[in-house]
Structures are given as C-alpha cells and as structure tokens.
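Novice: Input file: my_file00.pdb. Contents: PDB, N, CA and C atoms.
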ATOM      1  N   MET A   1       0.846  -1.178   0.000  1.00  0.00           N
ATOM      2  CA  MET A   1       0.000   0.000   0.000  1.00  0.00           C
ATOM      3  C   MET A   1       0.885   1.232   0.000  1.00  0.00           C
ATOM      4  N   SER A   2       0.677   2.134  -0.962  1.00  0.00           N
ATOM      5  CA  SER A   2       1.473   3.348  -0.992  1.00  0.00           C
ATOM      6  C   SER A   2       0.562   4.561  -1.146  1.00  0.00           C
ATOM      7  N   ASN A   3       0.984   5.646  -0.538  1.00  0.00           N
ATOM      8  CA  ASN A   3       0.255   6.899  -0.629  1.00  0.00           C
ATOM      9  C   ASN A   3       1.014   7.827  -1.564  1.00  0.00           C
ATOM     10  N   ASN A   4       0.290   8.492  -2.430  1.00  0.00           N
ATOM     11  CA  ASN A   4       0.876   9.444  -3.351  1.00  0.00           C
ATOM     12  C   ASN A   4       0.152  10.766  -3.232  1.00  0.00           C
ATOM     13  N   ILE A   5       0.918  11.856  -3.164  1.00  0.00           N
ATOM     14  CA  ILE A   5       0.333  13.194  -3.188  1.00  0.00           C
ATOM     15  C   ILE A   5       0.537  13.738  -4.587  1.00  0.00           C
ATOM     16  N   VAL A   6      -0.583  14.078  -5.228  1.00  0.00           N
ATOM     17  CA  VAL A   6      -0.539  14.519  -6.623  1.00  0.00           C
ATOM     18  C   VAL A   6      -1.500  15.688  -6.820  1.00  0.00           C
ATOM     19  N   LEU A   7      -1.299  16.398  -7.910  1.00  0.00           N
ATOM     20  CA  LEU A   7      -2.220  17.454  -8.302  1.00  0.00           C
ATOM     21  C   LEU A   7      -3.554  16.820  -8.694  1.00  0.00           C
ATOM     22  N   ALA A   8      -4.644  17.345  -8.160  1.00  0.00           N
ATOM     23  CA  ALA A   8      -5.975  16.815  -8.486  1.00  0.00           C
ATOM     24  C   ALA A   8      -6.308  17.106  -9.949  1.00  0.00           C
ATOM     25  N   THR A   9      -7.128  16.253 -10.527  1.00  0.00           N
ATOM     26  CA  THR A   9      -7.563  16.412 -11.913  1.00  0.00           C
ATOM     27  C   THR A   9      -9.083  16.381 -11.991  1.00  0.00           C
ATOM     28  N   ASP A  10      -9.587  16.681 -13.179  1.00  0.00           N
ATOM     29  CA  ASP A  10     -11.037  16.648 -13.390  1.00  0.00           C
ATOM     30  C   ASP A  10     -11.630  15.295 -13.022  1.00  0.00           C
ATOM     31  N   SER A  11     -10.893  14.231 -13.233  1.00  0.00           N
ATOM     32  CA  SER A  11     -11.427  12.899 -12.947  1.00  0.00           C
ATOM     33  C   SER A  11     -11.554  12.623 -11.444  1.00  0.00           C
ATOM     34  N   ASP A  12     -11.019  13.520 -10.616  1.00  0.00           N
ATOM     35  CA  ASP A  12     -11.111  13.354  -9.162  1.00  0.00           C
ATOM     36  C   ASP A  12     -12.352  14.019  -8.560  1.00  0.00           C
ATOM     37  N   ARG A  13     -13.112  14.739  -9.349  1.00  0.00           N
ATOM     38  CA  ARG A  13     -14.229  15.539  -8.839  1.00  0.00           C
ATOM     39  C   ARG A  13     -15.198  14.759  -7.944  1.00  0.00           C
ATOM     40  N   GLU A  14     -15.656  13.631  -8.412  1.00  0.00           N
ATOM     41  CA  GLU A  14     -16.665  12.865  -7.656  1.00  0.00           C
ATOM     42  C   GLU A  14     -16.105  12.406  -6.311  1.00  0.00           C
ATOM     43  N   GLN A  15     -14.886  11.879  -6.320  1.00  0.00           N
ATOM     44  CA  GLN A  15     -14.277  11.447  -5.063  1.00  0.00           C
ATOM     45  C   GLN A  15     -14.037  12.627  -4.122  1.00  0.00           C
ATOM     46  N   LEU A  16     -13.645  13.770  -4.685  1.00  0.00           N
ATOM     47  CA  LEU A  16     -13.424  14.956  -3.853  1.00  0.00           C
ATOM     48  C   LEU A  16     -14.713  15.382  -3.150  1.00  0.00           C
ATOM     49  N   MET A  17     -15.801  15.438  -3.906  1.00  0.00           N
ATOM     50  CA  MET A  17     -17.066  15.863  -3.305  1.00  0.00           C
ATOM     51  C   MET A  17     -17.510  14.878  -2.235  1.00  0.00           C
ATOM     52  N   THR A  18     -17.323  13.602  -2.474  1.00  0.00           N
ATOM     53  CA  THR A  18     -17.663  12.592  -1.464  1.00  0.00           C
ATOM     54  C   THR A  18     -16.835  12.798  -0.201  1.00  0.00           C
ATOM     55  N   LEU A  19     -15.536  12.992  -0.374  1.00  0.00           N
ATOM     56  CA  LEU A  19     -14.653  13.232   0.764  1.00  0.00           C
ATOM     57  C   LEU A  19     -15.078  14.487   1.529  1.00  0.00           C
ATOM     58  N   TYR A  20     -15.360  15.565   0.803  1.00  0.00           N
ATOM     59  CA  TYR A  20     -15.753  16.818   1.454  1.00  0.00           C
ATOM     60  C   TYR A  20     -17.054  16.639   2.241  1.00  0.00           C
ATOM     61  N   LYS A  21     -18.038  16.010   1.643  1.00  0.00           N
ATOM     62  CA  LYS A  21     -19.332  15.853   2.311  1.00  0.00           C
ATOM     63  C   LYS A  21     -19.235  14.942   3.536  1.00  0.00           C
ATOM     64  N   GLU A  22     -18.289  14.014   3.530  1.00  0.00           N
ATOM     65  CA  GLU A  22     -18.089  13.147   4.693  1.00  0.00           C
ATOM     66  C   GLU A  22     -17.590  13.936   5.910  1.00  0.00           C
ATOM     67  N   GLN A  23     -17.032  15.108   5.671  1.00  0.00           N
ATOM     68  CA  GLN A  23     -16.484  15.909   6.772  1.00  0.00           C
ATOM     69  C   GLN A  23     -17.549  16.752   7.471  1.00  0.00           C
ATOM     70  N   VAL A  24     -18.640  17.036   6.786  1.00  0.00           N
ATOM     71  CA  VAL A  24     -19.708  17.879   7.347  1.00  0.00           C
ATOM     72  C   VAL A  24     -20.225  17.265   8.641  1.00  0.00           C
ATOM     73  N   GLY A  25     -20.257  18.080   9.686  1.00  0.00           N
ATOM     74  CA  GLY A  25     -20.760  17.625  10.975  1.00  0.00           C
ATOM     75  C   GLY A  25     -19.691  17.100  11.907  1.00  0.00           C
ATOM     76  N   ARG A  26     -18.472  16.940  11.404  1.00  0.00           N
ATOM     77  CA  ARG A  26     -17.384  16.480  12.268  1.00  0.00           C
ATOM     78  C   ARG A  26     -16.946  17.611  13.186  1.00  0.00           C
ATOM     79  N   GLU A  27     -16.427  17.254  14.336  1.00  0.00           N
ATOM     80  CA  GLU A  27     -15.964  18.247  15.298  1.00  0.00           C
ATOM     81  C   GLU A  27     -14.941  19.173  14.633  1.00  0.00           C
ATOM     82  N   PHE A  28     -15.094  20.466  14.875  1.00  0.00           N
ATOM     83  CA  PHE A  28     -14.224  21.528  14.361  1.00  0.00           C
ATOM     84  C   PHE A  28     -14.367  21.781  12.865  1.00  0.00           C
ATOM     85  N   CYS A  29     -15.282  21.131  12.192  1.00  0.00           N
ATOM     86  CA  CYS A  29     -15.483  21.347  10.760  1.00  0.00           C
ATOM     87  C   CYS A  29     -16.588  22.390  10.567  1.00  0.00           C
ATOM     88  N   ALA A  30     -16.234  23.485   9.921  1.00  0.00           N
ATOM     89  CA  ALA A  30     -17.199  24.567   9.696  1.00  0.00           C
ATOM     90  C   ALA A  30     -17.972  24.401   8.389  1.00  0.00           C
ATOM     91  N   TRP A  31     -17.715  23.345   7.661  1.00  0.00           N
ATOM     92  CA  TRP A  31     -18.390  23.128   6.399  1.00  0.00           C
ATOM     93  C   TRP A  31     -19.843  22.747   6.623  1.00  0.00           C
ATOM     94  N   ASP A  32     -20.671  22.988   5.593  1.00  0.00           N
ATOM     95  CA  ASP A  32     -22.086  22.627   5.667  1.00  0.00           C
ATOM     96  C   ASP A  32     -22.515  22.024   4.333  1.00  0.00           C
ATOM     97  N   GLU A  33     -23.785  21.849   4.145  1.00  0.00           N
ATOM     98  CA  GLU A  33     -24.294  21.211   2.921  1.00  0.00           C
ATOM     99  C   GLU A  33     -24.020  22.046   1.665  1.00  0.00           C
ATOM    100  N   ASP A  34     -23.791  23.357   1.831  1.00  0.00           N
ATOM    101  CA  ASP A  34     -23.558  24.237   0.690  1.00  0.00           C
ATOM    102  C   ASP A  34     -22.082  24.495   0.398  1.00  0.00           C
ATOM    103  N   TYR A  35     -21.224  24.237   1.366  1.00  0.00           N
ATOM    104  CA  TYR A  35     -19.792  24.497   1.193  1.00  0.00           C
ATOM    105  C   TYR A  35     -18.986  23.361   1.791  1.00  0.00           C
ATOM    106  N   PRO A  36     -18.008  22.880   1.099  1.00  0.00           N
ATOM    107  CA  PRO A  36     -17.578  23.253  -0.244  1.00  0.00           C
ATOM    108  C   PRO A  36     -18.512  22.687  -1.302  1.00  0.00           C
ATOM    109  N   SER A  37     -18.488  23.328  -2.437  1.00  0.00           N
ATOM    110  CA  SER A  37     -19.397  22.958  -3.518  1.00  0.00           C
ATOM    111  C   SER A  37     -18.596  22.543  -4.754  1.00  0.00           C
ATOM    112  N   THR A  38     -19.311  22.181  -5.793  1.00  0.00           N
ATOM    113  CA  THR A  38     -18.627  21.867  -7.048  1.00  0.00           C
ATOM    114  C   THR A  38     -17.894  23.101  -7.570  1.00  0.00           C
ATOM    115  N   GLU A  39     -18.447  24.286  -7.292  1.00  0.00           N
ATOM    116  CA  GLU A  39     -17.783  25.525  -7.701  1.00  0.00           C
ATOM    117  C   GLU A  39     -16.454  25.696  -6.966  1.00  0.00           C
ATOM    118  N   THR A  40     -16.396  25.283  -5.708  1.00  0.00           N
ATOM    119  CA  THR A  40     -15.151  25.339  -4.943  1.00  0.00           C
ATOM    120  C   THR A  40     -14.095  24.453  -5.594  1.00  0.00           C
ATOM    121  N   ILE A  41     -14.500  23.262  -5.962  1.00  0.00           N
ATOM    122  CA  ILE A  41     -13.583  22.332  -6.623  1.00  0.00           C
ATOM    123  C   ILE A  41     -13.150  22.900  -7.972  1.00  0.00           C
ATOM    124  N   ASP A  42     -14.109  23.438  -8.744  1.00  0.00           N
ATOM    125  CA  ASP A  42     -13.788  24.036 -10.040  1.00  0.00           C
ATOM    126  C   ASP A  42     -12.742  25.139  -9.892  1.00  0.00           C
ATOM    127  N   PHE A  43     -12.935  26.000  -8.901  1.00  0.00           N
ATOM    128  CA  PHE A  43     -12.021  27.116  -8.679  1.00  0.00           C
ATOM    129  C   PHE A  43     -10.619  26.610  -8.344  1.00  0.00           C
ATOM    130  N   ASP A  44     -10.531  25.655  -7.429  1.00  0.00           N
ATOM    131  CA  ASP A  44      -9.226  25.118  -7.046  1.00  0.00           C
ATOM    132  C   ASP A  44      -8.544  24.405  -8.214  1.00  0.00           C
ATOM    133  N   LEU A  45      -9.310  23.648  -8.983  1.00  0.00           N
ATOM    134  CA  LEU A  45      -8.737  22.957 -10.142  1.00  0.00           C
ATOM    135  C   LEU A  45      -8.269  23.952 -11.205  1.00  0.00           C
ATOM    136  N   SER A  46      -9.009  25.024 -11.393  1.00  0.00           N
ATOM    137  CA  SER A  46      -8.660  26.003 -12.430  1.00  0.00           C
ATOM    138  C   SER A  46      -7.339  26.699 -12.144  1.00  0.00           C
ATOM    139  N   ARG A  47      -6.930  26.721 -10.884  1.00  0.00           N
ATOM    140  CA  ARG A  47      -5.678  27.384 -10.498  1.00  0.00           C
ATOM    141  C   ARG A  47      -4.553  26.386 -10.263  1.00  0.00           C
ATOM    142  N   ASP A  48      -4.793  25.112 -10.538  1.00  0.00           N
ATOM    143  CA  ASP A  48      -3.806  24.067 -10.231  1.00  0.00           C
ATOM    144  C   ASP A  48      -3.348  24.187  -8.781  1.00  0.00           C
ATOM    145  N   ALA A  49      -4.315  24.357  -7.885  1.00  0.00           N
ATOM    146  CA  ALA A  49      -4.004  24.578  -6.474  1.00  0.00           C
ATOM    147  C   ALA A  49      -4.483  23.446  -5.577  1.00  0.00           C
ATOM    148  N   LEU A  50      -5.118  22.425  -6.150  1.00  0.00           N
ATOM    149  CA  LEU A  50      -5.708  21.375  -5.335  1.00  0.00           C
ATOM    150  C   LEU A  50      -4.883  20.096  -5.439  1.00  0.00           C
ATOM    151  N   PHE A  51      -4.416  19.634  -4.289  1.00  0.00           N
ATOM    152  CA  PHE A  51      -3.613  18.420  -4.227  1.00  0.00           C
ATOM    153  C   PHE A  51      -4.360  17.359  -3.444  1.00  0.00           C
ATOM    154  N   VAL A  52      -4.174  16.118  -3.840  1.00  0.00           N
ATOM    155  CA  VAL A  52      -4.845  15.009  -3.166  1.00  0.00           C
ATOM    156  C   VAL A  52      -3.832  13.948  -2.779  1.00  0.00           C
ATOM    157  N   MET A  53      -4.151  13.238  -1.713  1.00  0.00           N
ATOM    158  CA  MET A  53      -3.380  12.055  -1.338  1.00  0.00           C
ATOM    159  C   MET A  53      -4.236  10.854  -1.719  1.00  0.00           C
ATOM    160  N   LYS A  54      -3.615   9.942  -2.445  1.00  0.00           N
ATOM    161  CA  LYS A  54      -4.337   8.748  -2.887  1.00  0.00           C
ATOM    162  C   LYS A  54      -3.697   7.504  -2.296  1.00  0.00           C
ATOM    163  N   GLU A  55      -4.579   6.589  -1.963  1.00  0.00           N
ATOM    164  CA  GLU A  55      -4.160   5.276  -1.501  1.00  0.00           C
ATOM    165  C   GLU A  55      -4.877   4.266  -2.374  1.00  0.00           C
ATOM    166  N   ASN A  56      -4.119   3.532  -3.172  1.00  0.00           N
ATOM    167  CA  ASN A  56      -4.721   2.570  -4.106  1.00  0.00           C
ATOM    168  C   ASN A  56      -5.785   3.234  -4.979  1.00  0.00           C
ATOM    169  N   ASP A  57      -5.466   4.382  -5.524  1.00  0.00           N
ATOM    170  CA  ASP A  57      -6.326   5.166  -6.423  1.00  0.00           C
ATOM    171  C   ASP A  57      -7.542   5.801  -5.755  1.00  0.00           C
ATOM    172  N   ALA A  58      -7.687   5.665  -4.437  1.00  0.00           N
ATOM    173  CA  ALA A  58      -8.789   6.305  -3.717  1.00  0.00           C
ATOM    174  C   ALA A  58      -8.261   7.549  -3.006  1.00  0.00           C
ATOM    175  N   ILE A  59      -8.980   8.660  -3.137  1.00  0.00           N
ATOM    176  CA  ILE A  59      -8.572   9.890  -2.467  1.00  0.00           C
ATOM    177  C   ILE A  59      -8.869   9.768  -0.980  1.00  0.00           C
ATOM    178  N   ILE A  60      -7.840   9.964  -0.162  1.00  0.00           N
ATOM    179  CA  ILE A  60      -8.002   9.882   1.289  1.00  0.00           C
ATOM    180  C   ILE A  60      -7.776  11.231   1.968  1.00  0.00           C
ATOM    181  N   ALA A  61      -7.284  12.224   1.203  1.00  0.00           N
ATOM    182  CA  ALA A  61      -7.065  13.564   1.749  1.00  0.00           C
ATOM    183  C   ALA A  61      -6.950  14.553   0.593  1.00  0.00           C
ATOM    184  N   ALA A  62      -7.282  15.801   0.872  1.00  0.00           N
ATOM    185  CA  ALA A  62      -7.171  16.854  -0.141  1.00  0.00           C
ATOM    186  C   ALA A  62      -6.853  18.171   0.541  1.00  0.00           C
ATOM    187  N   ILE A  63      -6.085  19.005  -0.170  1.00  0.00           N
ATOM    188  CA  ILE A  63      -5.761  20.324   0.363  1.00  0.00           C
ATOM    189  C   ILE A  63      -5.486  21.287  -0.790  1.00  0.00           C
ATOM    190  N   PRO A  64      -6.118  22.467  -0.743  1.00  0.00           N
ATOM    191  CA  PRO A  64      -5.740  23.499  -1.706  1.00  0.00           C
ATOM    192  C   PRO A  64      -4.541  24.262  -1.147  1.00  0.00           C
ATOM    193  N   ILE A  65      -3.572  24.529  -1.983  1.00  0.00           N
ATOM    194  CA  ILE A  65      -2.385  25.265  -1.566  1.00  0.00           C
ATOM    195  C   ILE A  65      -2.274  26.493  -2.455  1.00  0.00           C
ATOM    196  N   GLU A  66      -2.200  27.650  -1.821  1.00  0.00           N
ATOM    197  CA  GLU A  66      -2.153  28.881  -2.589  1.00  0.00           C
ATOM    198  C   GLU A  66      -1.428  29.972  -1.811  1.00  0.00           C
ATOM    199  N   ILE A  67      -1.020  30.985  -2.525  1.00  0.00           N
ATOM    200  CA  ILE A  67      -0.465  32.178  -1.905  1.00  0.00           C
ATOM    201  C   ILE A  67      -1.600  33.189  -1.827  1.00  0.00           C
ATOM    202  N   ASP A  68      -1.883  33.662  -0.633  1.00  0.00           N
ATOM    203  CA  ASP A  68      -2.957  34.636  -0.422  1.00  0.00           C
ATOM    204  C   ASP A  68      -2.362  35.860   0.250  1.00  0.00           C
ATOM    205  N   GLU A  69      -2.180  36.921  -0.518  1.00  0.00           N
ATOM    206  CA  GLU A  69      -1.546  38.122   0.003  1.00  0.00           C
ATOM    207  C   GLU A  69      -2.341  38.746   1.149  1.00  0.00           C
ATOM    208  N   ASP A  70      -3.670  38.665   1.111  1.00  0.00           N
ATOM    209  CA  ASP A  70      -4.488  39.211   2.196  1.00  0.00           C
ATOM    210  C   ASP A  70      -4.208  38.478   3.494  1.00  0.00           C
ATOM    211  N   VAL A  71      -4.114  37.166   3.427  1.00  0.00           N
ATOM    212  CA  VAL A  71      -3.814  36.382   4.624  1.00  0.00           C
ATOM    213  C   VAL A  71      -2.391  36.685   5.088  1.00  0.00           C
ATOM    214  N   GLY A  72      -1.479  36.821   4.166  1.00  0.00           N
ATOM    215  CA  GLY A  72      -0.101  37.116   4.509  1.00  0.00           C
ATOM    216  C   GLY A  72       0.076  38.428   5.250  1.00  0.00           C
ATOM    217  N   ARG A  73      -0.843  39.357   5.041  1.00  0.00           N
ATOM    218  CA  ARG A  73      -0.767  40.662   5.718  1.00  0.00           C
ATOM    219  C   ARG A  73      -1.404  40.651   7.105  1.00  0.00           C
ATOM    220  N   LEU A  74      -2.087  39.594   7.476  1.00  0.00           N
ATOM    221  CA  LEU A  74      -2.701  39.528   8.791  1.00  0.00           C
ATOM    222  C   LEU A  74      -1.630  39.514   9.869  1.00  0.00           C
ATOM    223  N   GLU A  75      -1.849  40.274  10.915  1.00  0.00           N
ATOM    224  CA  GLU A  75      -0.864  40.374  11.986  1.00  0.00           C
ATOM    225  C   GLU A  75      -0.559  39.017  12.614  1.00  0.00           C
ATOM    226  N   CYS A  76      -1.560  38.170  12.740  1.00  0.00           N
ATOM    227  CA  CYS A  76      -1.342  36.870  13.375  1.00  0.00           C
ATOM    228  C   CYS A  76      -0.466  35.947  12.543  1.00  0.00           C
ATOM    229  N   TRP A  77      -0.224  36.276  11.268  1.00  0.00           N
ATOM    230  CA  TRP A  77       0.631  35.456  10.406  1.00  0.00           C
ATOM    231  C   TRP A  77       2.061  36.005  10.305  1.00  0.00           C
ATOM    232  N   ASP A  78       2.382  37.000  11.126  1.00  0.00           N
ATOM    233  CA  ASP A  78       3.718  37.586  11.110  1.00  0.00           C
ATOM    234  C   ASP A  78       4.715  36.584  11.694  1.00  0.00           C
ATOM    235  N   ARG A  79       5.639  36.102  10.889  1.00  0.00           N
ATOM    236  CA  ARG A  79       6.611  35.105  11.337  1.00  0.00           C
ATOM    237  C   ARG A  79       7.555  35.659  12.407  1.00  0.00           C
ATOM    238  N   ASN A  80       7.683  36.963  12.482  1.00  0.00           N
ATOM    239  CA  ASN A  80       8.592  37.579  13.442  1.00  0.00           C
ATOM    240  C   ASN A  80       7.938  37.839  14.791  1.00  0.00           C
ATOM    241  N   ARG A  81       6.666  37.590  14.879  1.00  0.00           N
ATOM    242  CA  ARG A  81       5.931  37.874  16.114  1.00  0.00           C
ATOM    243  C   ARG A  81       5.595  36.569  16.824  1.00  0.00           C
ATOM    244  N   LEU A  82       5.864  36.527  18.094  1.00  0.00           N
ATOM    245  CA  LEU A  82       5.493  35.352  18.886  1.00  0.00           C
ATOM    246  C   LEU A  82       4.082  35.532  19.415  1.00  0.00           C
ATOM    247  N   CYS A  83       3.253  34.548  19.212  1.00  0.00           N
ATOM    248  CA  CYS A  83       1.857  34.614  19.690  1.00  0.00           C
ATOM    249  C   CYS A  83       1.707  33.953  21.020  1.00  0.00           C
TER     250      CYS A  83
END
How does the structure come out when it is put into structure tokens?

Specialist:
Amino acid sequence: MSNNIVLATDSDREQLMTLYKEQVGREFCAWDEDYPSTETIDFDLSRDALFVMKENDAIIAAIPIEIDEDVGRLECWDRNRLC
C-alpha cells in the first residue's frame, strides 16, 4: 500500500465531493451542505491549487495550496511575532 500526493484532476471531482461531504458535521469542521461545492472544486482545479493524497487510487485527503496576500498581511501570520 502506498500513498501518493498529486495534483488533483477533473477525474477526481466525484471522489473529492464525497470526501468533502463526509467531513460535514465532524468536530471543528465549519463546512455545511452548501460548502464546499462543485464551484469550490472548479475554482481550485482552475488554479492548479488542489492536491490530493491517494491510496490505491482512492482519495483519502485533499488540500488546496495557494499564496494569499491578504492572509499574509494579517498580523497573526507575522513570522517575526510570537503569539
């Protein structure tokens, strides 16, 4: 059994939505029936920002990775400041 982290593709859409919907209602999960949506997946795929971990061709984890200048300017994200 091996895990691979790869860029998500259009063919991953159905598995991604299933994975996302399985998280709704879990402790600390702010997602609901409306978010994330297919539009969320479309947006992440369009920017080549969505990565998935697969185990035997099944998606077991997903994460969008992006640079967000607005988040970078938040005081709590200052690497030089101890929180």

Novice: Name the closest residue to Pro36 in chain A among the candidates A:Glu75, A:Asn4, A:Asp48, A:Tyr20; distances are taken between atoms, counting only N, CA and C atoms.

Specialist: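 Checking each of A:Glu75, A:Asn4, A:Asp48, A:Tyr20 against Pro36 in chain A, counting only N, CA and C atoms, the winner is A:Tyr20.
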
Novice: When you draw a straight line from CA of Lys21 in chain A to CA of Ile5 in chain A, how long is it in Å?

Specialist: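 According to the coordinates, CA of Lys21 in chain A and CA of Ile5 in chain A are separated by 20.6 Å.
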
Novice: Taking all atoms listed in the file into account, which of A:Val71, A:Val6, A:Ile65, A:Leu16 comes nearest Asp44 in chain A?

Specialist: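 Nearest to Asp44 in chain A: A:Ile65.
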
Novice: Run through the PyMOL selection byres ((chain A and resi 9) around 8) on the given coordinates and return the selected residues as number ranges by chain.

Specialist: A: 6-8, 10-14, 45, 50-52

Novice: Could you check which of A:Glu69, A:Thr38, A:Phe43, A:Ala30 is closest to Thr18 in chain A, using only C-alpha atoms?

Specialist: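 Counting only C-alpha atoms, the residue closest to Thr18 in chain A is A:Thr38.
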
Novice: Give me, please, the distance in Å between CA of Tyr35 in chain A and atom N of Pro64 in chain A, quoted to one decimal.

Specialist: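 Going from CA of Tyr35 in chain A over to atom N of Pro64 in chain A covers 14.0 Å.
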